[in-house]
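Written out below as structure tokens is the structure these notes cover.
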Amino acid sequence: MMLLSQSGYPFALVVAAALLIALFWLLRTQRLREKYSVLWFAVIVGVVLLTFIPAITGWLTALAGVTTPINLVFILAFLVLLVVCIQLSIEISTLEESARTVAEEVALLRLELERRTGGADGPLRSDSEASTASEARTDDSSPAP
């Protein structure tokens with residue numbers, strides 16, 4: 001059989017099977033979200049297709065104008081890694097913005113809590129108690145007649 005005579009193809013199938021098992025395990029244990037698994041499934045399908053139909057590699061090499069098929073494989077691998085980097089950069093930017101927003105909201109809540117309690121050490125008071133206490137402090141500080 002042509003597939004087994006070329007040593008790289010069975011290795012590619014083993015790698016694709018290992019990636020597929022790892023991907024299902026990561027999805028099952030919820031260590032990888034579904035939206036990220038789509039790209040990895042596409043990579044696995046591509047590896048399996050190129051393994052079972054090596055003529056695709058030759059056709060794509062001629063179409064792209066690349067001299068050797070291995071150069072095309074490296075170009076495709078580089079493009080996949082580039083897409084992954086862009087996807088992760090977008091996700092990091094979103095998470096940074098979310099973290100900044102949460103930090104600002106926590107700071108505002110702390111400020112509001114300090115205003116309601118009359119400081120960091122005092123007991124928690126409602127708005128009406130805080131305004132009464134504020135008025136009492138204003139009355140105490142006024143000069144005596």
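In the structure tokens, chains take the letters A, B, ... in the order shown, each chain's residues start at 1, and ligands count up from 1 in the order shown.
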Distance query A:Gly46 at most 12 Å, only C-alpha atoms, self and fewer than 3 positions along chain excluded, as a PyMOL selection string = chain A and resi 12-13+16+39-43+49-54+56-57+73+76-77+80
Within 9 Å of A:Thr61, counting only C-alpha atoms, which residues show up once you throw out same-chain ones fewer than 6 positions away? Write them as a compact mmCIF listing (two decimals) with C-alpha atoms, in the first residue's frame, please.
```
# COMPACT_ATOMS: atom_id res chain seq x y z
CA THR A 67 8.80 24.52 -5.47
CA THR A 68 8.62 21.73 -2.90
CA PRO A 69 5.65 20.37 -0.93
CA ILE A 70 7.45 20.61 2.42
CA ASN A 71 7.80 24.36 1.96
CA LEU A 72 4.04 24.57 1.54
```
Could you write out, as a PyMOL selection string, all the residues of stretch 12-78 of chain A that DSSP marks as helix (DSSP H, G or I)?
-> chain A and resi 12-28+34-52+55-64+69-78
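Atom CA of A:Val106 is positioned 28.7 Å from atom CA of A:Gln30.
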Computed interatomic separation between atom CA of A:Arg33 and atom CA of A:Ile75 (Å) =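 If I compute the distance from atom CA of A:Arg33 to atom CA of A:Ile75, I get 26.8 Å.
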Å distance separating atom CA of A:Ile21 from atom CA of A:Lys35, one decimal place |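 So the answer is 17.4 Å.
Shortest separation to A:Tyr9 among A:Val48, A:Leu26, A:Leu32, A:Ala55 occurs at residue A:Val48, atoms counted being only C-alpha atoms.
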